[in-house]
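K.L.:
Please see the structure below; I have some questions.
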Amino acid sequence: MRMDKQAKDRALQILSEVYADARPALKYTTAYELLVAVILSAQCTDERVNKVTAELFKEHATPEKMLTLRQEELEKYIFSCGLYKSKAAHILSASRDIAEKFGGQVPERFSDLRSLAGVGQKTANVVSSVWFEKDAIAVDTHVFRVSNRLGLAKADNPLKTEEQLKVSIPQADWSKAHHWLIWHGRKVCHAQNPDCGHCPLAEVCDAYRAGGPAKKSGHKGNKVPADKGQENRTE
Ligand code: SF4
């Protein structure tokens with residue numbers, strides 16, 4: 001069941017107040033650095049990515065400089081992020097395209113971003129929203145889980161979730177809502193054992209309200225099913 005409008009408005013109000021300072025956790029200074037960091041963040045923590053890019057970007061912070069690395073050399077830098085072979089191949093391929101087709105600049109047009117290796121819907125949305133300041137909702141594992149539990153969306157995949165969130169959330173809040181939902185997923189609405197007992201959204205949350213007996217007994221909300229299917233991959 002999707003939330004009614006009143007519950008939706010209330011949920012967005014609470015999220016905006018609780019996570020007013022939510023910002024991207026990845027560190028970057030250019031669009032290119034952001035793009036590489038987001039590619040590296042698949043199935044990896046932002047903290048780990050920041051450690052890896054702190055070293056990598058010392059000498060390879062542009063597509064041209066990245067392309068001076070052979071694939072095996074780049075793999076050594078990014079090994080600890082996991083999926084290092086495919087990530088290295090994607091970063092080098094995307095860097096080549098940025099250098100050769102886009103004049104060394106990360107393209108702003110969404111379809112051009114999506115044409116780059118390793119850039120799926122989520123990554124393109126993050127770069128569009130965070131760097132180019134366009135209205136976009138990137139659905140990563142946290143956004144997918146939290147929005148579907150809350151009832152802001154009811155979908156079985158990230159793309160449908162994105163479409164539904166664009167209807168549920170006023171356009172001016174799309175980019176901010178992405179960060180609100182990520183932070184709520186990290187801090188409270190964990191994939192396993194969400195902390196419903198301390199959740200400011202419990203009063204409007206579909207999943208929590210569906211677990212009525214847990215609410216009445218003051219149980220900490222583990223009636224809400226753990227997230228199994230989407231934790232590791234959202235694009
Ligand atoms: S009440 Fe529970 S399931 Fe609902 S948003 Fe809060 S932590 Fe997540």
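Ligands are numbered from 1 in the order shown, chains are lettered A, B, ... in the order of the structure tokens, and residues start at 1 in each chain.
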What's the 9 Å shell around A:Ile78, counting only C-alpha atoms, without same-chain residues fewer than 5 positions away, as a list in words?
P.N.:
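Using only C-alpha atoms, the neighbours found are Leu40, Val49, Val52, Thr53, Leu56, Leu83, Tyr84, Lys85, Lys87 and Ala88 of chain A.
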K.L.:
The selected residues should be written to file as an mmCIF file, in the first residue's frame (atoms: C-alpha atoms).
P.N.:
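Output saved as selection02.cif:
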data_model
loop_
_atom_site.group_PDB
_atom_site.id
_atom_site.type_symbol
_atom_site.label_atom_id
_atom_site.label_comp_id
_atom_site.auth_asym_id
_atom_site.auth_seq_id
_atom_site.Cartn_x
_atom_site.Cartn_y
_atom_site.Cartn_z
ATOM 1 C CA LEU A 40 34.016 3.025 -7.047
ATOM 2 C CA VAL A 49 36.177 5.049 -1.366
ATOM 3 C CA VAL A 52 41.229 5.076 -2.029
ATOM 4 C CA THR A 53 40.560 8.290 -3.968
ATOM 5 C CA LEU A 56 44.450 7.887 -6.511
ATOM 6 C CA LEU A 83 34.988 -5.506 -8.033
ATOM 7 C CA TYR A 84 38.304 -3.890 -8.852
ATOM 8 C CA LYS A 85 38.786 -5.465 -12.279
ATOM 9 C CA LYS A 87 35.706 -0.919 -11.937
ATOM 10 C CA ALA A 88 39.202 -0.325 -13.341
#
K.L.:
What lies within 10 Å of A:Ala172 using only C-alpha atoms, ignoring chain neighbours under 3 positions off, as a PyMOL selection string?
P.N.:
chain A and resi 134-136+169+175-177
K.L.:
Include C-alpha atoms and write out the residues we just selected as a PDB file, in the first residue's frame.
P.N.:
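Generated output (out-v5.pdb):
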ATOM      1  CA  LYS A 134      19.671  19.224 -11.691  1.00  0.00           C
ATOM      2  CA  ASP A 135      16.508  17.841 -10.143  1.00  0.00           C
ATOM      3  CA  ALA A 136      17.163  14.101  -9.945  1.00  0.00           C
ATOM      4  CA  ILE A 169       8.077  14.001  -3.896  1.00  0.00           C
ATOM      5  CA  SER A 175      17.862  15.940  -4.907  1.00  0.00           C
ATOM      6  CA  LYS A 176      17.566  16.680  -1.196  1.00  0.00           C
ATOM      7  CA  ALA A 177      15.265  13.674  -0.654  1.00  0.00           C
TER       8      ALA A 177
END
K.L.:
Counting only C-alpha atoms and all ligand atoms, which residues of chain A fall within 6 Å of ligand 1, and what is the closest atom pair for each with its distance in Å at one decimal, ordered by chain and rising number, as CSV?
P.N.:
residue,atom,partner,partner_atom_place_in_ligand_line,distance
A:Val146,CA,ligand 1,5 (S),5.9
A:Arg149,CA,ligand 1,3 (S),5.4
A:Leu150,CA,ligand 1,5 (S),5.2
A:Val188,CA,ligand 1,7 (S),5.3
A:Cys189,CA,ligand 1,7 (S),3.8
A:Pro194,CA,ligand 1,7 (S),4.6
A:Asp195,CA,ligand 1,7 (S),4.8
A:Cys196,CA,ligand 1,2 (Fe),3.6
A:Cys199,CA,ligand 1,6 (Fe),4.6
A:Leu201,CA,ligand 1,6 (Fe),5.1
A:Ala202,CA,ligand 1,1 (S),3.7
A:Cys205,CA,ligand 1,4 (Fe),4.6
A:Ala207,CA,ligand 1,3 (S),5.4
A:Tyr208,CA,ligand 1,1 (S),4.9
A:Val224,CA,ligand 1,3 (S),5.7
K.L.:
Now that the selection is made, can you save its residues with C-alpha atoms as a PDB file, in the first residue's frame?
P.N.:
ATOM      1  CA  VAL A 146      13.731   3.096   2.838  1.00  0.00           C
ATOM      2  CA  ARG A 149       9.354   0.461   3.425  1.00  0.00           C
ATOM      3  CA  LEU A 150       7.936   3.901   4.113  1.00  0.00           C
ATOM      4  CA  VAL A 188      18.020   4.075  11.472  1.00  0.00           C
ATOM      5  CA  CYS A 189      16.321   2.028   8.757  1.00  0.00           C
ATOM      6  CA  PRO A 194      15.684  -1.526  11.305  1.00  0.00           C
ATOM      7  CA  ASP A 195      15.504   0.486  14.517  1.00  0.00           C
ATOM      8  CA  CYS A 196      11.763   1.194  14.273  1.00  0.00           C
ATOM      9  CA  CYS A 199      12.421   5.969  14.262  1.00  0.00           C
ATOM     10  CA  LEU A 201       8.943   8.160  10.878  1.00  0.00           C
ATOM     11  CA  ALA A 202       7.247   5.188  12.554  1.00  0.00           C
ATOM     12  CA  CYS A 205       5.653   4.237   7.907  1.00  0.00           C
ATOM     13  CA  ALA A 207       5.964  -1.253   6.888  1.00  0.00           C
ATOM     14  CA  TYR A 208       5.851  -0.381  10.557  1.00  0.00           C
ATOM     15  CA  VAL A 224       9.563  -5.079   9.435  1.00  0.00           C
TER      16      VAL A 224
END
K.L.:
What does the structure give for the distance between atom CA of A:Thr62 and atom CA of A:Glu33, in Å to one decimal?
P.N.:
7.6 Å
K.L.:
Could you check which of A:Arg209, A:Lys122, A:Lys76, A:Lys65 is closest to A:Ile39, using only C-alpha atoms?
P.N.:
A:Lys122
K.L.:
Quick one: residues within 10 Å of A:Asp112, only C-alpha atoms counted, chain neighbours fewer than 4 positions away excluded, as a PyMOL selection string?
P.N.:
chain A and resi 98+101-102+106-108+116+119+124
K.L.:
Kindly export the residues of the current selection with C-alpha atoms, as a short mmCIF file (atom, residue, chain, number, x, y, z; two decimals), in the first residue's frame.
P.N.:
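result_21.cif, written as the output of this step:
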data_model
loop_
_atom_site.label_atom_id
_atom_site.label_comp_id
_atom_site.auth_asym_id
_atom_site.auth_seq_id
_atom_site.Cartn_x
_atom_site.Cartn_y
_atom_site.Cartn_z
CA ILE A 98 35.50 11.79 -21.72
CA LYS A 101 34.42 12.54 -27.18
CA PHE A 102 33.69 15.21 -24.59
CA VAL A 106 32.29 15.10 -17.82
CA PRO A 107 29.24 15.59 -20.03
CA GLU A 108 26.20 17.29 -18.54
CA LEU A 116 29.97 6.17 -20.31
CA VAL A 119 27.65 4.76 -15.45
CA ALA A 124 24.21 9.40 -13.77
#
K.L.:
For A:Ile182, which residue among A:Trp131, A:Phe57, A:Phe110, A:Tyr19 is the nearest when counting only C-alpha atoms?
P.N.:
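Checking each candidate against A:Ile182, we get A:Tyr19 as the closest.
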K.L.:
Which residue, A:Ser128, A:Gln6, A:Ser147, A:Thr123, has the smallest gap to A:Val38 when you use only C-alpha atoms?
P.N.:
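Between A:Ser128, A:Gln6, A:Ser147, A:Thr123, the residue approaching A:Val38 most closely is A:Thr123.
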K.L.:
Which is closest to A:Ser95 among A:His60, A:Lys166, A:His142, A:Lys27, if we use only C-alpha atoms?
P.N.:
A:His60
K.L.:
List every residue of stretch 60-162 of chain A that DSSP, applied to the backbone, labels as helix (DSSP H, G or I), and write the result as a ChimeraX atom specification.
P.N.:
/A:63-66,71-81,84-101,110-114,121-131,141-150,158-162
K.L.:
Just to confirm, what's the straight-line distance from atom CA of A:Arg109 to atom CA of A:Ala25 in Å (one decimal)?
P.N.:
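Distance reported for this atom pair: 24.0 Å.
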K.L.:
Mind giving me the straight-line distance from atom CA of A:Ala153 to atom CA of A:Val18 in Å, one decimal?
P.N.:
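Computed distance, atom CA of A:Ala153 to atom CA of A:Val18, equals 20.3 Å.
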K.L.:
From the set A:Asp140, A:Glu75, A:Glu133, A:Asp156, which residue has the shortest atom-to-atom contact distance to A:Leu181, counting only C-alpha atoms?
P.N.:
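Smallest distance to A:Leu181 is found for A:Asp140.
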K.L.:
With only C-alpha atoms as the atoms that count, which of A:Ala155, A:Ala22, A:Cys81, A:Ala94 lies nearest to A:Ser115?
P.N.:
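Nearest candidate to A:Ser115 out of A:Ala155, A:Ala22, A:Cys81, A:Ala94: A:Ala94.
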